[in-house]
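J.: What follows is the file data_0.txt, containing compact mmCIF, C-alpha atoms and all ligand atoms:
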# COMPACT_ATOMS: atom_id res chain seq x y z
CA MET A 262 111.13 83.91 71.67
CA GLN A 263 108.72 84.19 68.77
CA TYR A 264 106.36 86.64 70.43
CA LEU A 265 105.88 88.65 73.57
CA PRO A 266 102.56 88.35 75.41
CA LYS A 267 100.61 91.44 76.44
CA VAL A 268 98.76 89.59 79.21
CA GLY A 269 100.46 88.48 82.41
CA ILE A 270 98.90 86.14 84.95
CA VAL A 271 100.00 85.52 88.51
CA LEU A 272 98.78 81.98 89.10
CA GLY A 273 97.94 82.39 92.77
CA THR A 274 95.71 80.14 94.82
CA GLY A 275 92.86 78.81 92.71
CA LEU A 276 94.54 79.24 89.36
CA GLY A 277 97.05 76.39 89.35
CA GLU A 278 94.90 74.45 86.87
CA LEU A 279 95.08 77.26 84.34
CA ALA A 280 98.76 76.46 83.80
CA THR A 281 97.83 73.07 82.39
CA GLN A 282 95.68 74.73 79.73
CA ILE A 283 98.47 76.85 78.30
CA THR A 284 99.46 75.56 74.86
CA ASP A 285 102.58 76.07 72.70
CA SER A 286 104.34 76.74 75.96
CA GLN A 287 107.88 77.40 76.93
CA GLU A 288 108.73 77.07 80.62
CA ILE A 289 111.54 78.82 82.42
CA PRO A 290 112.27 77.77 86.02
CA TYR A 291 112.79 80.78 88.28
CA GLN A 292 116.26 79.50 89.19
CA GLU A 293 117.33 80.16 85.60
CA ILE A 294 116.20 83.78 85.57
CA PRO A 295 118.76 86.27 86.89
CA ASN A 296 117.64 88.04 90.08
CA PHE A 297 114.37 86.09 90.32
CA PRO A 298 113.62 84.90 93.85
CA VAL A 299 112.77 81.21 94.26
CA SER A 300 109.40 80.27 95.78
CA THR A 301 109.36 78.26 99.02
CA VAL A 302 105.77 78.03 100.26
CA GLU A 303 103.90 74.74 100.12
CA GLY A 304 101.55 74.51 97.15
CA HIS A 305 103.49 77.01 95.02
CA SER A 306 106.15 75.86 92.56
CA GLY A 307 108.22 78.33 90.65
CA LYS A 308 108.41 78.85 86.91
CA LEU A 309 107.46 81.26 84.19
CA ILE A 310 105.26 79.82 81.47
CA ILE A 311 105.00 81.58 78.14
CA GLY A 312 102.38 80.30 75.76
CA LYS A 313 98.78 80.60 74.63
CA LEU A 314 95.44 80.45 76.40
CA GLY A 315 92.93 80.09 73.60
CA ASP A 316 94.11 82.63 71.05
CA THR A 317 95.79 84.92 73.54
CA LYS A 318 99.48 84.88 74.27
CA VAL A 319 100.18 84.90 77.97
CA PHE A 320 103.00 85.18 80.34
CA ALA A 321 102.13 83.14 83.48
CA MET A 322 103.94 83.15 86.80
CA GLN A 323 103.49 79.77 88.45
CA GLY A 324 104.48 80.46 92.04
CA ARG A 325 104.52 83.91 93.52
CA PHE A 326 106.62 85.47 96.25
CA HIS A 327 105.02 86.37 99.53
CA TYR A 328 106.31 88.96 101.93
CA TYR A 329 105.83 86.51 104.84
CA GLU A 330 108.38 84.18 103.27
CA GLY A 331 111.00 86.78 104.06
CA TYR A 332 111.36 88.38 100.64
CA SER A 333 111.76 92.11 100.44
CA MET A 334 109.09 94.10 98.66
CA LYS A 335 111.56 94.63 95.82
CA GLU A 336 111.77 90.85 95.41
CA VAL A 337 108.01 90.33 95.73
CA THR A 338 107.36 92.82 92.93
CA PHE A 339 110.38 92.04 90.73
CA PRO A 340 108.43 89.68 88.42
CA VAL A 341 105.91 92.45 87.69
CA ARG A 342 108.78 94.70 86.66
CA VAL A 343 110.11 91.96 84.42
CA MET A 344 106.69 91.52 82.82
CA LYS A 345 106.49 95.26 82.24
CA GLU A 346 109.89 95.25 80.53
CA LEU A 347 108.69 92.40 78.32
CA GLY A 348 105.63 94.37 77.24
CA VAL A 349 102.83 93.12 79.48
CA GLU A 350 99.90 95.56 79.49
CA THR A 351 97.31 93.65 81.52
CA LEU A 352 97.92 91.66 84.70
CA LEU A 353 95.50 89.14 86.17
CA LEU A 354 95.92 87.83 89.70
CA SER A 355 94.18 85.46 92.09
CA ASN A 356 94.36 84.71 95.76
CA ALA A 357 92.66 83.04 98.70
CA ALA A 358 91.13 85.34 101.26
CA GLY A 359 89.15 85.34 104.46
CA GLY A 360 85.76 87.01 104.06
CA MET A 361 84.72 89.66 106.56
CA ASN A 362 81.60 90.84 104.78
CA PRO A 363 78.63 89.14 106.48
CA GLU A 364 77.01 88.57 103.06
CA PHE A 365 79.91 86.36 101.96
CA GLU A 366 79.97 82.58 102.09
CA ILE A 367 82.83 80.12 102.00
CA GLY A 368 83.62 79.04 98.45
CA GLU A 369 82.42 82.23 96.80
CA LEU A 370 84.47 84.31 94.41
CA MET A 371 85.08 88.01 94.95
CA ILE A 372 86.15 90.45 92.27
CA ILE A 373 88.53 92.88 93.93
CA THR A 374 87.29 96.44 93.43
CA ASP A 375 89.88 98.17 95.58
CA HIS A 376 92.38 97.43 98.33
CA ILE A 377 93.70 98.63 101.66
CA ASN A 378 97.43 98.24 101.92
CA LEU A 379 98.45 97.20 105.43
CA PHE A 380 101.83 95.74 104.54
CA PRO A 381 104.53 97.21 106.77
CA GLU A 382 106.79 98.13 103.85
CA HIS A 383 105.69 99.91 100.69
CA PRO A 384 106.87 98.31 97.44
CA LEU A 385 107.66 101.73 95.95
CA ARG A 386 109.62 102.97 98.95
CA GLY A 387 113.05 104.24 97.98
CA LYS A 388 114.40 105.59 94.73
CA ASN A 389 111.76 106.02 92.06
CA TYR A 390 112.67 104.74 88.62
CA ASN A 391 110.99 107.31 86.40
CA GLU A 392 111.31 105.01 83.42
CA LEU A 393 108.97 102.61 85.25
CA GLY A 394 106.46 105.13 86.59
CA VAL A 395 105.90 108.35 88.49
CA ARG A 396 107.03 109.04 92.07
CA PHE A 397 103.47 109.49 93.39
CA PRO A 398 101.20 107.11 91.48
CA ASP A 399 97.45 107.65 91.38
CA MET A 400 95.52 104.76 92.97
CA SER A 401 91.98 106.06 92.40
CA CYS A 402 91.15 103.15 90.08
CA ALA A 403 93.77 100.48 90.67
CA TYR A 404 91.48 97.64 89.54
CA ASP A 405 90.37 98.24 85.96
CA ALA A 406 86.62 98.94 85.82
CA THR A 407 86.18 97.53 82.31
CA LEU A 408 87.83 94.22 83.20
CA ARG A 409 85.71 94.00 86.35
CA ALA A 410 82.51 94.53 84.36
CA LYS A 411 83.57 91.90 81.81
CA ALA A 412 84.37 89.39 84.55
CA ARG A 413 81.01 90.02 86.19
CA ALA A 414 79.25 89.45 82.88
CA ILE A 415 81.16 86.22 82.28
CA ALA A 416 80.26 84.95 85.76
CA GLU A 417 76.60 85.84 85.27
CA ARG A 418 76.50 84.14 81.88
CA HIS A 419 77.70 80.92 83.51
CA GLY A 420 75.46 81.26 86.55
CA ILE A 421 78.47 81.62 88.86
CA ARG A 422 77.68 83.61 91.98
CA ILE A 423 80.20 86.36 92.35
CA LYS A 424 80.75 89.06 94.94
CA GLU A 425 82.74 92.27 94.75
CA GLY A 426 84.71 93.96 97.44
CA VAL A 427 87.70 95.56 99.03
CA TYR A 428 90.73 93.36 99.72
CA VAL A 429 92.83 94.10 102.77
CA GLY A 430 96.46 93.10 102.24
CA THR A 431 98.35 92.09 105.39
CA GLN A 432 101.77 90.56 105.89
CA GLY A 433 100.71 87.28 107.56
CA PRO A 434 101.70 84.56 108.14
CA THR A 435 99.19 84.31 110.96
CA PHE A 436 95.53 84.24 110.07
CA GLU A 437 93.59 86.93 111.90
CA THR A 438 92.33 87.01 115.43
CA PRO A 439 88.57 87.71 115.69
CA ALA A 440 89.43 91.25 116.83
CA GLU A 441 91.63 91.79 113.76
CA TYR A 442 88.89 90.58 111.40
CA ARG A 443 86.48 92.98 113.12
CA PHE A 444 89.00 95.80 112.77
CA PHE A 445 89.54 95.10 109.05
CA ARG A 446 85.79 95.06 108.51
CA THR A 447 85.42 98.33 110.39
CA ILE A 448 88.01 100.07 108.23
CA GLY A 449 86.23 99.06 105.04
CA GLY A 450 87.50 95.61 104.11
CA ASP A 451 85.40 92.80 102.66
CA ALA A 452 88.15 90.17 102.57
CA VAL A 453 91.69 89.81 103.86
CA GLY A 454 94.74 88.03 102.52
CA MET A 455 98.53 87.96 102.47
CA SER A 456 99.33 88.69 98.84
CA THR A 457 98.33 90.61 95.70
CA VAL A 458 98.56 94.19 97.00
CA PRO A 459 102.34 94.53 96.44
CA GLU A 460 102.14 93.21 92.86
CA VAL A 461 99.11 95.39 92.13
CA ILE A 462 100.91 98.51 93.35
CA ALA A 463 103.95 97.73 91.20
CA ALA A 464 101.69 97.10 88.21
CA VAL A 465 99.68 100.30 88.64
CA HIS A 466 102.92 102.24 89.06
CA ALA A 467 104.07 100.79 85.75
CA GLY A 468 100.80 101.63 83.97
CA ILE A 469 99.64 98.02 83.73
CA ARG A 470 95.88 97.33 83.83
CA VAL A 471 94.96 95.06 86.74
CA PHE A 472 92.25 92.52 87.41
CA ALA A 473 92.23 90.40 90.57
CA MET A 474 89.88 87.89 92.12
CA SER A 475 89.74 86.20 95.53
CA ILE A 476 88.36 82.85 96.60
CA ILE A 477 86.70 83.24 99.97
CA THR A 478 88.14 80.22 101.77
CA ASP A 479 87.10 81.04 105.33
CA LEU A 480 85.07 83.61 107.21
CA GLY A 481 86.25 86.37 109.47
CA VAL A 482 82.67 87.36 110.16
CA GLU A 483 81.77 88.11 113.74
CA GLY A 484 80.27 85.01 115.35
CA LYS A 485 81.39 82.80 112.45
CA VAL A 486 85.15 82.74 113.02
CA VAL A 487 86.37 79.17 113.34
CA GLU A 488 89.80 77.59 113.27
CA VAL A 489 91.45 77.92 109.87
CA SER A 490 94.46 76.15 108.38
CA HIS A 491 96.48 76.35 105.18
CA GLU A 492 95.17 72.89 104.26
CA GLU A 493 91.56 74.00 104.62
CA VAL A 494 92.28 77.14 102.57
CA GLN A 495 93.80 74.96 99.83
CA ARG A 496 90.92 72.48 99.97
CA ILE A 497 88.26 75.14 99.50
CA ALA A 498 90.35 76.89 96.83
CA ASN A 499 90.72 73.64 94.90
CA SER A 500 86.99 73.03 94.97
CA VAL A 501 86.27 76.50 93.54
CA GLN A 502 89.18 76.43 91.12
CA PRO A 503 87.13 75.37 88.04
CA TYR A 504 84.96 78.51 88.32
CA MET A 505 87.90 80.85 88.86
CA THR A 506 89.72 79.22 85.93
CA LEU A 507 86.70 79.54 83.66
CA ILE A 508 86.22 83.23 84.38
CA MET A 509 89.90 84.07 83.99
CA LYS A 510 90.22 82.07 80.80
CA GLU A 511 87.27 83.81 79.18
CA LEU A 512 88.39 87.19 80.46
CA ILE A 513 91.78 86.68 78.85
CA GLN A 514 90.09 86.21 75.47
CA VAL A 515 88.29 89.54 75.74
CA SER A 516 90.83 91.58 77.65
N1 LIG B 601 93.33 85.74 106.42
C1 LIG B 601 94.44 85.99 105.74
N2 LIG B 601 94.78 85.35 104.65
C2 LIG B 601 93.97 84.39 104.21
C3 LIG B 601 92.79 84.08 104.87
C4 LIG B 601 92.45 84.78 106.06
O1 LIG B 601 91.43 84.55 106.69
N3 LIG B 601 92.20 83.09 104.17
C5 LIG B 601 92.99 82.80 103.13
N4 LIG B 601 94.06 83.61 103.13
How does this structure look as C-alpha cells?
T.:
Amino acid sequence: MQYLPKVGIVLGTGLGELATQITDSQEIPYQEIPNFPVSTVEGHSGKLIIGKLGDTKVFAMQGRFHYYEGYSMKEVTFPVRVMKELGVETLLLSNAAGGMNPEFEIGELMIITDHINLFPEHPLRGKNYNELGVRFPDMSCAYDATLRAKARAIAERHGIRIKEGVYVGTQGPTFETPAEYRFFRTIGGDAVGMSTVPEVIAAVHAGIRVFAMSIITDLGVEGKVVEVSHEEVQRIANSVQPYMTLIMKELIQVS
C-alpha cells in the first residue's frame, strides 16, 4: 500500500453512493481479511475500499456488522480496531434512525451530538487492551464538537436543513413499539437506531475522533407512529442520500 489514510468511513445507510466517488481505489473483500466478519444484511455488501475522496485519503468500510445479525460486540467493533492499527484518526459514520423528537420530519438529517447505549452487551466488556485505550474511557464528548460545527456550517451553506440530537442505540431487529419510542424520548433520545454506538465506543476508546449523522427515515413521535419496514427505511434513505453524501464529502476535505 502506498499510503495509509487518516480518515475512516463506515458507509452505513445513506452513504452507499460515496463509495462510487472514491478514486485511485483498492478494494479488499472482507472474506480476504483475517478475522473480519462477513456482512449478511440486505442492502449491505462487504468490502474495504482504500482510496481518495477529493484530496483526502480514506479508508471506507462498505458493509458494517450489526449486533442483531448475531455478531458479538468484539466482531462488530473489530473493523474499528483494524482502522486504528492502520493509523485512522477520524471516523465518520452514518445510519438510518427513527425520529422521536416532535420537531423532526421524515427525510431530515440529524447530526449526532451524543448517544444513549442500550445494547445488552458492552463492546469494551472483558479484558482491556491498554495499548488500544484505557480501562474506563471518558465519554463526555464522544462526538467531536469541531466536526459537528463544520458539518453544520456545510449544511447551512448548501441550504440543507439539519437537526442535531441524541441517538439511542438498541439491539433491534424489531422496530420500536409506540411505548418504546415514548420511553426512549422520555430518557432523552431524539432518534433511535440499531447501529453506530458500538463502533463509536470502540473508536472513542482508541482515541479516534468521531462524527456521525442519521437520516430520519420514520417517526416514533407520539400520535405519528405508523407501520415501518426495512424497504421504506431504505427508500427514504436513498432519497436523502445525495445530501448526506455532499456533507460527508465536504467534511472529509476539512477534517
Ligand atoms: N427504530 C430503530 N431503528 C431504525 C428505525 C427505527 O424507527 N428507523 C431506522 N432504523
J.: Which one is closest to Ile477 of chain A: A:Phe365, A:Phe445, A:Phe380, A:Tyr390? Count all atoms listed in the file.
T.: A:Phe365
J.: Using all atoms listed in the file, find each residue in chain A having at least one atom no more than 6 Å away from ligand LIG 601 (chain B); report its shortest atom-to-atom pair and that distance in Å (one decimal), rows by chain then rising number, as a tab-separated table.
T.:
residue	atom	partner	partner_atom	distance
A:Ala357	CA	B:LIG601	C5	4.4
A:Ala358	CA	B:LIG601	C5	3.7
A:Gly359	CA	B:LIG601	O1	3.3
A:Phe436	CA	B:LIG601	N1	4.5
A:Glu437	CA	B:LIG601	N1	5.6
A:Val453	CA	B:LIG601	C1	5.1
A:Gly454	CA	B:LIG601	N2	3.4
A:Met455	CA	B:LIG601	N2	5.1
A:Thr478	CA	B:LIG601	N3	5.5
A:Asp479	CA	B:LIG601	N3	5.6
A:Val494	CA	B:LIG601	C5	5.7
J.: Determine, counting all atoms listed in the file, every residue of protein, DNA or RNA that lies within 12 Å of (92.4, 85.2, 92.3) in the file coordinates, then give the result as number ranges by chain.
T.: A: 270-277, 279, 352-358, 369-373, 412, 428, 454, 456-458, 471-478, 498-499, 501-509
J.: Neighbours of segment 289-301 of chain A within 7 Å (only C-alpha atoms; same-chain residues fewer than 4 positions away dropped), as a PyMOL selection string?
T.: chain A and resi 305-310+324-326+336
J.: Please indicate the distance in Å from atom CA of Thr281 of chain A to atom CA of Lys313 of chain A, rounded to one decimal place.
T.: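 Atom CA of Thr281 of chain A sits 10.9 Å away from atom CA of Lys313 of chain A.
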J.: Give me the residues within 12 Å of segment 383-386 of chain A as JSON, numbers by chain, counting only C-alpha atoms and dropping any in the same chain fewer than 6 places off.
T.: {"A": [328, 332, 333, 334, 335, 336, 337, 338, 339, 341, 342, 393, 394, 395, 396, 397, 398, 430, 431, 432, 457, 458, 459, 460, 461, 462, 463, 464, 465, 466, 467]}
J.: Store the residues picked out above in a file with C-alpha atoms, as a short mmCIF file (atom, residue, chain, number, x, y, z; two decimals), in the frame of the given file.
T.:
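Wrote result.cif, looks like this:
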data_model
loop_
_atom_site.label_atom_id
_atom_site.label_comp_id
_atom_site.auth_asym_id
_atom_site.auth_seq_id
_atom_site.Cartn_x
_atom_site.Cartn_y
_atom_site.Cartn_z
CA TYR A 328 106.31 88.96 101.93
CA TYR A 332 111.36 88.38 100.64
CA SER A 333 111.76 92.11 100.44
CA MET A 334 109.09 94.10 98.66
CA LYS A 335 111.56 94.63 95.82
CA GLU A 336 111.77 90.85 95.41
CA VAL A 337 108.01 90.33 95.73
CA THR A 338 107.36 92.82 92.93
CA PHE A 339 110.38 92.04 90.73
CA VAL A 341 105.91 92.45 87.69
CA ARG A 342 108.78 94.70 86.66
CA LEU A 393 108.97 102.61 85.25
CA GLY A 394 106.46 105.13 86.59
CA VAL A 395 105.90 108.35 88.49
CA ARG A 396 107.03 109.04 92.07
CA PHE A 397 103.47 109.49 93.39
CA PRO A 398 101.20 107.11 91.48
CA GLY A 430 96.46 93.10 102.24
CA THR A 431 98.35 92.09 105.39
CA GLN A 432 101.77 90.56 105.89
CA THR A 457 98.33 90.61 95.70
CA VAL A 458 98.56 94.19 97.00
CA PRO A 459 102.34 94.53 96.44
CA GLU A 460 102.14 93.21 92.86
CA VAL A 461 99.11 95.39 92.13
CA ILE A 462 100.91 98.51 93.35
CA ALA A 463 103.95 97.73 91.20
CA ALA A 464 101.69 97.10 88.21
CA VAL A 465 99.68 100.30 88.64
CA HIS A 466 102.92 102.24 89.06
CA ALA A 467 104.07 100.79 85.75
#
J.: In terms of the shortest atom-to-atom distance over all atoms listed in the file, which of A:Val427, A:Val515, A:Ala280, A:Leu408 is closest to Asn362 of chain A?
T.: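 Closest to Asn362 of chain A of all the choices is A:Val427.
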J.: Leaving out Lys411 of chain A and any residue of its chain fewer than 4 positions from it, which residues lie within 7 Å of it when counting only C-alpha atoms, given as a PyMOL selection string?
T.: chain A and resi 407+415+512
J.: Between atom CA of Tyr264 of chain A and atom CA of Asn389 of chain A, what is the distance, to one decimal in Å?
T.: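 Interatomic distance here is 29.5 Å.
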